[in-house]
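Novice: I have a structure I would like to understand better, so I am pasting it below and will then ask my questions one at a time.
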There are 2 protein chains.
Amino acid sequence: MTRTDTADLTGRRIRVGLDVGGTKIDAVGVGPSGDILGRIRRSTGWGDDAVVESIVMAVTSLADEAGFPVSEIGSVGIGIPGLVDVEEGRVEHAVNLGVESLDLAARAERMLGIPFRVENDVKAAALGAAVLSGVAGSMAYLNLGTGVAAGIVVGGRIWRGSRGTAGEVGHLSVDPHGRLCGCGQLGCIETFCGGGALARAWGRPGALPIRDIFDAADAGDPDALVLRGDLFHGAAAAVRVLVLSADVETVVIGGGLTALGARLEEGIRTALRAEAETSPFMRSLHLDERIELLPAGSPAAAFGAALVGASVPEKSVPEKEIVPHG
Amino acid sequence: MTRTDTADLTGRRIRVGLDVGGTKIDAVGVGPSGDILGRIRRSTGWGDDAVVESIVMAVTSLADEAGFPVSEIGSVGIGIPGLVDVEEGRVEHAVNLGVESLDLAARAERMLGIPFRVENDVKAAALGAAVLSGVAGSMAYLNLGTGVAAGIVVGGRIWRGSRGTAGEVGHLSVDPHGRLCGCGQLGCIETFCGGGALARAWGRPGALPIRDIFDAADAGDPDALVLRGDLFHGAAAAVRVLVLSADVETVVIGGGLTALGARLEEGIRTALRAEAETSPFMRSLHLDERIELLPAGSPAAAFGAALVGASVPEKSVPEKEIVPHG
């Protein structure tokens with residue numbers, strides 16, 4: 001690193017975090033004391049080049065709209081679906097982005113001259129949710145979106161496990177006679193509570209199929225009642241797996257389905273209570289009291305990505321870590 | 001602590017570990033370099049007083065048979081079923097021992113004047129199995145006995161979780177239409193691969209019902225074929241839960257059912273392979289290569305208890321920790 005580089009970084013006090021989804025990027029700028037200085041949404045490109053460009057554009061647009069120069073950004077953290085090599089900043093098999101293998105951090109760094117750090121989107125969101133929810137001790141973040149996966153945070157750090165499958169509870173089968181999962185197994189938790197699987201099982205047109213299912217269930221539609229019950233049951237099963245294996249204290253639920261708000265939260269809570277009814281052991285765990293929903297529109301995922309970015313090695317970014325609230 | 005006490009402890013270089021089961025106690029003495037100096041088995045008493053007495057007798061008999069005086073014992077670690085308060089050395093709800101609530105460490109210490117430390121039996125066995133198997137990194141120990149539970153060891157330490165339910169995978173349901181579990185739920189993993197549940201489902205007389213099931217299955221008995229298949233399927237499900245939640249690198253299988261040896265190991269391996277066949281994701285995890293069976297008669301549980309005992313606070317036991325092999 002040259003003296004010029006070091007001098008450059010001295011004034012860079014803002015951490016940017018990007019949650020890169022299949023359709024849009026949620027970007028936040030985080031100040032030295034953990035305050036969110038600005039937030040924008042941009043659409044995501046498709047394929048290697050477009051993904052890198054849309055990420056770089058999101059960073060510069062955020063800086064522009066929030067009123068800080070790119071030169072003040074100390075790091076960019078990216079939460080992105082797929083298999084992420086955190087050390088190398090590389091993404092593999094991000095099928096919803098048209099990415100097979102992308103040297104993301106290096107390419108983005110070359111374009112902006114800022115250190116980038118890449119993390120799996122659910123793991124980054126877990127870290128952000130842990131901090132924003134003020135959860136002390138161990139927690140899992142259960143993401144109910146098109147697919148289902150969880151991230152585990154213990155003592156303020158992402159639980160990484162041995163091969164990157166920590167929290168992949170979506171592909172545990174809980175019914176040998178259940179629906180066929182996209183992964184090839186039958187009755188995976190994701191076939192019960194994944195937005196994609198539920199929309200396919202519902203099979204009727206509509207832009208918001210899960211909301212349609214809930215509305216139709218309220219109106220007494222028998223198919224919708226079954227699918228809504230499946231959703232609550234699958235999410236409850238995921239909560240049980242997380243508590244009876246890793247023994248997290250709290251499960252924070254996030255992801256696209258949380259747009260359903262209290263209708264979702266109360267349904268999962270009721271399922272946890274009802275399904276524990278026959279078992280003194282399960283009742284003693286009080287699982288229904290150990291879940292919480294992220295507020296709709298929570299910046300947890302992008303905020304968590306900013307925290308990931310803030311952990312880039314000191315040689316690149318000499319400032320202190322940001323102090324998150326909560 | 002008086003000066004006499006301190007002087008007393010100086011020569012105490014042997015760590016004793018006890019695995020207390022429903023019918024017998026397995027006791028080992030471990031030397032300063034982790035070598036097993038002696039091992040005995042004694043029957044377990046029933047009820048508070050008899051449990052304490054049988055534990056004290058196991059310690060003194062071990063010392064006698066292995067040829068070291070009780071005064072050389074620096075600590076006794078106890079692995080015992082039930083809910084264990086590690087800090088207080090207290091055991092609750094050890095139903096197979098007739099114990100509702102027992103101040104075990106304090107009572108045993110009063111009788112022998114040696115520091116005692118108490119741990120849940122599966123967690124202690126997990127620690128012993130991790131060391132004896134030479135597993136580096138994260139591992140789970142899956143105990144297939146009358147019941148089914150797992151302990152998780154990460155970086156050489158027992159993973160404790162928030163409320164003591166880490167590794168309690170036996171009571172996760174994997175089939176909503178499955179057999180009724182003793183816990184009150186349907187289709188728990190334990191109903192598939194717990195020795196107690198399988199013996200009940202088999203319902204024929206015999207001292208070794210699981211071995212009988214295997215022999216009858218080999219002879220083509222249709223009931224036995226189903227139950228043997230259930231056992232392999234349930235154990236495979238437990239392995240999947242442990243890898244897809246905590247992401248342990250290796251699952252070491254122990255407990256009474258391991259007396260079946262290769263017949264058990266190959267069956268679980270084949271189930272893991274067969275059940276992954278439809279799923280590229282599951283195949284990519286190579287779970288069949290990530291299990292191993294403890295050798296029949298392995299002292300892992302008692303050895304792990306000795307390691308637990310060796311971690312008593314330094315104020316009680318001023319020697320260095322023993323250096324385990326592997």
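We name chains A, B, ... following the order of the structure tokens; residues begin at 1 in each chain, and ligands are numbered from 1 as shown.
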For the strand (DSSP E or B) assignment from backbone DSSP, which residues of segment 151-320 of chain A qualify? Please present them as a list in words.

Specialist: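 Strand (DSSP E or B) assignments inside segment 151-320 of chain A correspond to Gly151, Ile152, Val153, Val154, Arg157, Ile158, Ser173, Leu180, Leu186, Cys188, Thr250, Val251, Val252, Ile253, Gly254, Ile291, Glu292 and Leu293 of chain A.
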
Novice: Report as a ChimeraX atom specification all protein, DNA and RNA residues lying within 10 Å of segment 92-107 of chain B, evaluated on only C-alpha atoms, omitting residues in the same chain fewer than 2 positions from it.

Specialist: /B:20-23,44-53,55-56,76-78,80-90,109-118

Novice: For segment 29-38 of chain A, work out the shell of residues within 12 Å, counting only C-alpha atoms and skipping chain neighbours fewer than 4 positions away, then give it as a VMD selection string.

Specialist: chain A and resid 11 to 19 58 to 70 72 to 77 128 131 to 132 298 to 300 302 to 310 319 to 326

Novice: Output the selection as a short mmCIF file (atom, residue, chain, number, x, y, z; two decimals), in the first residue's frame - N, CA and C atoms for each residue.

Specialist:
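For reference, result_15.cif as written:
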```
data_model
loop_
_atom_site.label_atom_id
_atom_site.label_comp_id
_atom_site.auth_asym_id
_atom_site.auth_seq_id
_atom_site.Cartn_x
_atom_site.Cartn_y
_atom_site.Cartn_z
N GLY A 11 -9.83 9.50 5.71
CA GLY A 11 -11.10 10.20 5.88
C GLY A 11 -12.32 9.33 5.60
N ARG A 12 -12.12 8.02 5.33
CA ARG A 12 -13.23 7.17 4.88
C ARG A 12 -13.95 6.55 6.08
N ARG A 13 -14.99 7.19 6.49
CA ARG A 13 -15.64 6.80 7.73
C ARG A 13 -17.00 6.15 7.48
N ILE A 14 -17.37 6.01 6.23
CA ILE A 14 -18.71 5.48 5.96
C ILE A 14 -18.61 4.05 5.44
N ARG A 15 -19.45 3.19 5.98
CA ARG A 15 -19.49 1.79 5.57
C ARG A 15 -20.76 1.60 4.75
N VAL A 16 -20.60 1.08 3.57
CA VAL A 16 -21.77 0.83 2.73
C VAL A 16 -22.10 -0.65 2.76
N GLY A 17 -23.39 -0.96 2.83
CA GLY A 17 -23.83 -2.35 2.81
C GLY A 17 -24.86 -2.53 1.70
N LEU A 18 -24.72 -3.64 0.94
CA LEU A 18 -25.64 -3.92 -0.16
C LEU A 18 -26.25 -5.30 0.02
N ASP A 19 -27.56 -5.33 -0.03
CA ASP A 19 -28.25 -6.63 -0.06
C ASP A 19 -28.68 -6.85 -1.50
N ALA A 58 -25.11 1.15 -7.68
CA ALA A 58 -25.84 1.32 -6.42
C ALA A 58 -25.00 2.09 -5.41
N VAL A 59 -23.69 1.79 -5.37
CA VAL A 59 -22.81 2.48 -4.43
C VAL A 59 -22.73 3.97 -4.77
N THR A 60 -22.51 4.26 -6.06
CA THR A 60 -22.34 5.67 -6.43
C THR A 60 -23.67 6.43 -6.30
N SER A 61 -24.77 5.80 -6.63
CA SER A 61 -26.07 6.46 -6.49
C SER A 61 -26.38 6.73 -5.03
N LEU A 62 -26.05 5.77 -4.17
CA LEU A 62 -26.27 5.95 -2.74
C LEU A 62 -25.48 7.15 -2.24
N ALA A 63 -24.20 7.21 -2.62
CA ALA A 63 -23.35 8.32 -2.19
C ALA A 63 -23.94 9.64 -2.65
N ASP A 64 -24.38 9.64 -3.90
CA ASP A 64 -24.96 10.85 -4.48
C ASP A 64 -26.21 11.27 -3.72
N GLU A 65 -27.13 10.33 -3.54
CA GLU A 65 -28.41 10.69 -2.91
C GLU A 65 -28.28 11.00 -1.43
N ALA A 66 -27.37 10.29 -0.76
CA ALA A 66 -27.22 10.52 0.69
C ALA A 66 -26.30 11.70 0.97
N GLY A 67 -25.61 12.18 -0.07
CA GLY A 67 -24.81 13.39 0.11
C GLY A 67 -23.44 13.18 0.72
N PHE A 68 -22.84 12.01 0.47
CA PHE A 68 -21.42 11.86 0.86
C PHE A 68 -20.64 11.42 -0.37
N PRO A 69 -19.39 11.90 -0.51
CA PRO A 69 -18.60 11.48 -1.67
C PRO A 69 -18.14 10.04 -1.54
N VAL A 70 -17.95 9.38 -2.68
CA VAL A 70 -17.45 8.00 -2.69
C VAL A 70 -16.12 7.92 -1.94
N GLU A 72 -15.36 9.06 0.76
CA GLU A 72 -15.52 8.87 2.22
C GLU A 72 -15.92 7.45 2.60
N ILE A 73 -16.12 6.58 1.59
CA ILE A 73 -16.54 5.21 1.89
C ILE A 73 -15.33 4.36 2.24
N GLY A 74 -15.33 3.76 3.43
CA GLY A 74 -14.20 2.95 3.88
C GLY A 74 -14.29 1.51 3.44
N SER A 75 -15.50 1.01 3.21
CA SER A 75 -15.66 -0.38 2.79
C SER A 75 -17.07 -0.57 2.24
N VAL A 76 -17.20 -1.58 1.37
CA VAL A 76 -18.52 -1.99 0.90
C VAL A 76 -18.68 -3.48 1.21
N GLY A 77 -19.74 -3.80 1.92
CA GLY A 77 -20.06 -5.21 2.17
C GLY A 77 -21.23 -5.61 1.30
N GLY A 128 -27.04 -8.54 10.64
CA GLY A 128 -27.76 -7.28 10.75
C GLY A 128 -28.98 -7.39 11.65
N VAL A 131 -28.06 -7.46 15.34
CA VAL A 131 -27.71 -6.14 15.90
C VAL A 131 -28.95 -5.25 15.98
N LEU A 132 -29.73 -5.20 14.90
CA LEU A 132 -30.89 -4.30 14.90
C LEU A 132 -31.97 -4.77 15.88
N SER A 298 -37.43 -3.69 6.87
CA SER A 298 -36.25 -3.55 7.73
C SER A 298 -34.98 -3.54 6.88
N PRO A 299 -34.03 -2.67 7.20
CA PRO A 299 -32.77 -2.66 6.44
C PRO A 299 -31.76 -3.69 6.96
N ALA A 300 -32.22 -4.69 7.72
CA ALA A 300 -31.29 -5.61 8.40
C ALA A 300 -30.29 -6.25 7.44
N ALA A 302 -29.11 -5.28 4.40
CA ALA A 302 -28.08 -4.36 3.91
C ALA A 302 -27.21 -3.87 5.06
N PHE A 303 -27.82 -3.63 6.20
CA PHE A 303 -27.06 -3.19 7.37
C PHE A 303 -26.04 -4.27 7.79
N GLY A 304 -26.50 -5.52 7.77
CA GLY A 304 -25.59 -6.63 8.09
C GLY A 304 -24.44 -6.71 7.09
N ALA A 305 -24.75 -6.44 5.82
CA ALA A 305 -23.69 -6.44 4.81
C ALA A 305 -22.67 -5.34 5.12
N ALA A 306 -23.16 -4.19 5.60
CA ALA A 306 -22.23 -3.11 5.97
C ALA A 306 -21.33 -3.55 7.12
N LEU A 307 -21.89 -4.30 8.07
CA LEU A 307 -21.08 -4.81 9.18
C LEU A 307 -20.03 -5.78 8.68
N VAL A 308 -20.43 -6.63 7.72
CA VAL A 308 -19.49 -7.56 7.12
C VAL A 308 -18.35 -6.79 6.46
N GLY A 309 -18.71 -5.75 5.71
CA GLY A 309 -17.70 -4.94 5.04
C GLY A 309 -16.77 -4.26 6.02
N ALA A 310 -17.33 -3.84 7.16
CA ALA A 310 -16.53 -3.13 8.16
C ALA A 310 -15.49 -4.03 8.80
N GLU A 319 -9.33 2.45 9.90
CA GLU A 319 -10.21 3.00 10.95
C GLU A 319 -10.70 1.92 11.91
N LYS A 320 -11.26 2.38 13.01
CA LYS A 320 -11.90 1.47 13.96
C LYS A 320 -13.18 0.91 13.35
N GLU A 321 -13.62 -0.23 13.88
CA GLU A 321 -14.92 -0.79 13.47
C GLU A 321 -16.03 0.18 13.88
N ILE A 322 -17.10 0.16 13.13
CA ILE A 322 -18.22 0.99 13.54
C ILE A 322 -18.84 0.37 14.79
N VAL A 323 -19.46 1.22 15.59
CA VAL A 323 -20.13 0.73 16.78
C VAL A 323 -21.63 0.63 16.47
N PRO A 324 -22.13 -0.56 16.29
CA PRO A 324 -23.55 -0.68 15.94
C PRO A 324 -24.44 -0.32 17.13
N HIS A 325 -25.64 0.15 16.85
CA HIS A 325 -26.56 0.36 17.98
C HIS A 325 -27.11 -0.97 18.45
N GLY A 326 -27.67 -0.94 19.66
CA GLY A 326 -28.35 -2.13 20.20
C GLY A 326 -27.38 -3.09 20.83
#
```

Novice: Using only C-alpha atoms, find each residue in chain B having at least one atom no more than 10 Å away from chain A; report its shortest atom-to-atom pair and that distance in Å (one decimal), rows by chain then rising number, as CSV.

Specialist:
```
residue,atom,partner,partner_atom,distance
B:Gly137,CA,A:Ser162,CA,7.5
B:Ser138,CA,A:Ser162,CA,6.7
B:Met139,CA,A:Ser162,CA,9.2
B:Ala149,CA,A:Ser245,CA,9.7
B:Ala150,CA,A:Ser245,CA,8.4
B:Gly151,CA,A:Ser245,CA,9.0
B:Ile152,CA,A:Ala246,CA,8.5
B:Val154,CA,A:Gly161,CA,9.1
B:Trp159,CA,A:Ala246,CA,8.2
B:Arg160,CA,A:Asp247,CA,7.9
B:Gly161,CA,A:Asp247,CA,4.7
B:Ser162,CA,A:Glu249,CA,5.4
B:Arg163,CA,A:Asp247,CA,6.7
B:Gly164,CA,A:Asp247,CA,7.1
B:Thr165,CA,A:Asp247,CA,5.5
B:Ala166,CA,A:Asp247,CA,4.5
B:Gly167,CA,A:Ser245,CA,4.4
B:Glu168,CA,A:Leu244,CA,5.0
B:Val169,CA,A:Leu244,CA,5.7
B:Gly170,CA,A:Leu244,CA,8.6
B:His171,CA,A:Leu244,CA,7.9
B:Leu172,CA,A:Val241,CA,6.8
B:Ser173,CA,A:Val174,CA,6.5
B:Val174,CA,A:Val174,CA,4.1
B:Asp175,CA,A:Asp175,CA,4.7
B:Pro176,CA,A:Asp175,CA,6.4
B:His177,CA,A:Asp175,CA,8.3
B:Gly178,CA,A:Asp175,CA,9.4
B:Cys181,CA,A:Ser279,CA,9.1
B:Gly182,CA,A:Ser279,CA,8.7
B:Cys183,CA,A:Ser279,CA,5.4
B:Gly184,CA,A:Ser279,CA,4.4
B:Gln185,CA,A:Ser279,CA,6.0
B:Leu186,CA,A:Thr278,CA,9.2
B:Gly187,CA,A:Val174,CA,9.2
B:Cys188,CA,A:Val174,CA,9.8
B:Ala237,CA,A:Leu172,CA,8.1
B:Ala238,CA,A:Ser245,CA,9.8
B:Arg240,CA,A:Leu172,CA,7.1
B:Val241,CA,A:Leu172,CA,6.8
B:Leu242,CA,A:Ser245,CA,6.6
B:Val243,CA,A:Thr165,CA,7.0
B:Leu244,CA,A:Glu168,CA,5.0
B:Ser245,CA,A:Gly167,CA,4.4
B:Ala246,CA,A:Ala166,CA,5.0
B:Asp247,CA,A:Ala166,CA,4.5
B:Val248,CA,A:Ser162,CA,5.8
B:Glu249,CA,A:Ser162,CA,5.4
B:Thr250,CA,A:Ser162,CA,9.1
B:Glu275,CA,A:Gln185,CA,8.0
B:Ala276,CA,A:Gln185,CA,7.8
B:Glu277,CA,A:Gly184,CA,8.5
B:Thr278,CA,A:Gly184,CA,5.0
B:Ser279,CA,A:Gly184,CA,4.4
B:Pro280,CA,A:Cys183,CA,7.0
B:Phe281,CA,A:Cys183,CA,6.4
B:Met282,CA,A:Cys183,CA,8.1
B:Leu285,CA,A:Arg163,CA,8.6
```

Novice: For a test of reading the model, state the distance in Å between atom CA of Pro205 of chain B and atom CA of Leu227 of chain B, rounded to one decimal.

Specialist: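 Computed distance, atom CA of Pro205 of chain B to atom CA of Leu227 of chain B, equals 15.6 Å.
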
Novice: So that I can check the surroundings of Leu294 of chain A, please list as a list in words every protein, DNA and RNA residue that reaches within 7 Å of it, counting only C-alpha atoms and ignoring chain neighbours fewer than 4 positions away.

Specialist: Val252, Ile253, Gly254 and Ser298 of chain A

Novice: Run DSSP on the backbone and grab whatever in segment 217-249 of chain B lands in helix (DSSP H, G or I); send it over as a ChimeraX atom specification.

Specialist: /B:217-218,222-245

Novice: Pick out the residues sitting within 9 Å of Ala271 of chain B, and hand them over as JSON, numbers by chain; count only C-alpha atoms, and ignore anything fewer than 5 positions along from it in its own chain.

Specialist: {"B": [229, 232, 233, 235, 236, 266, 276, 288]}
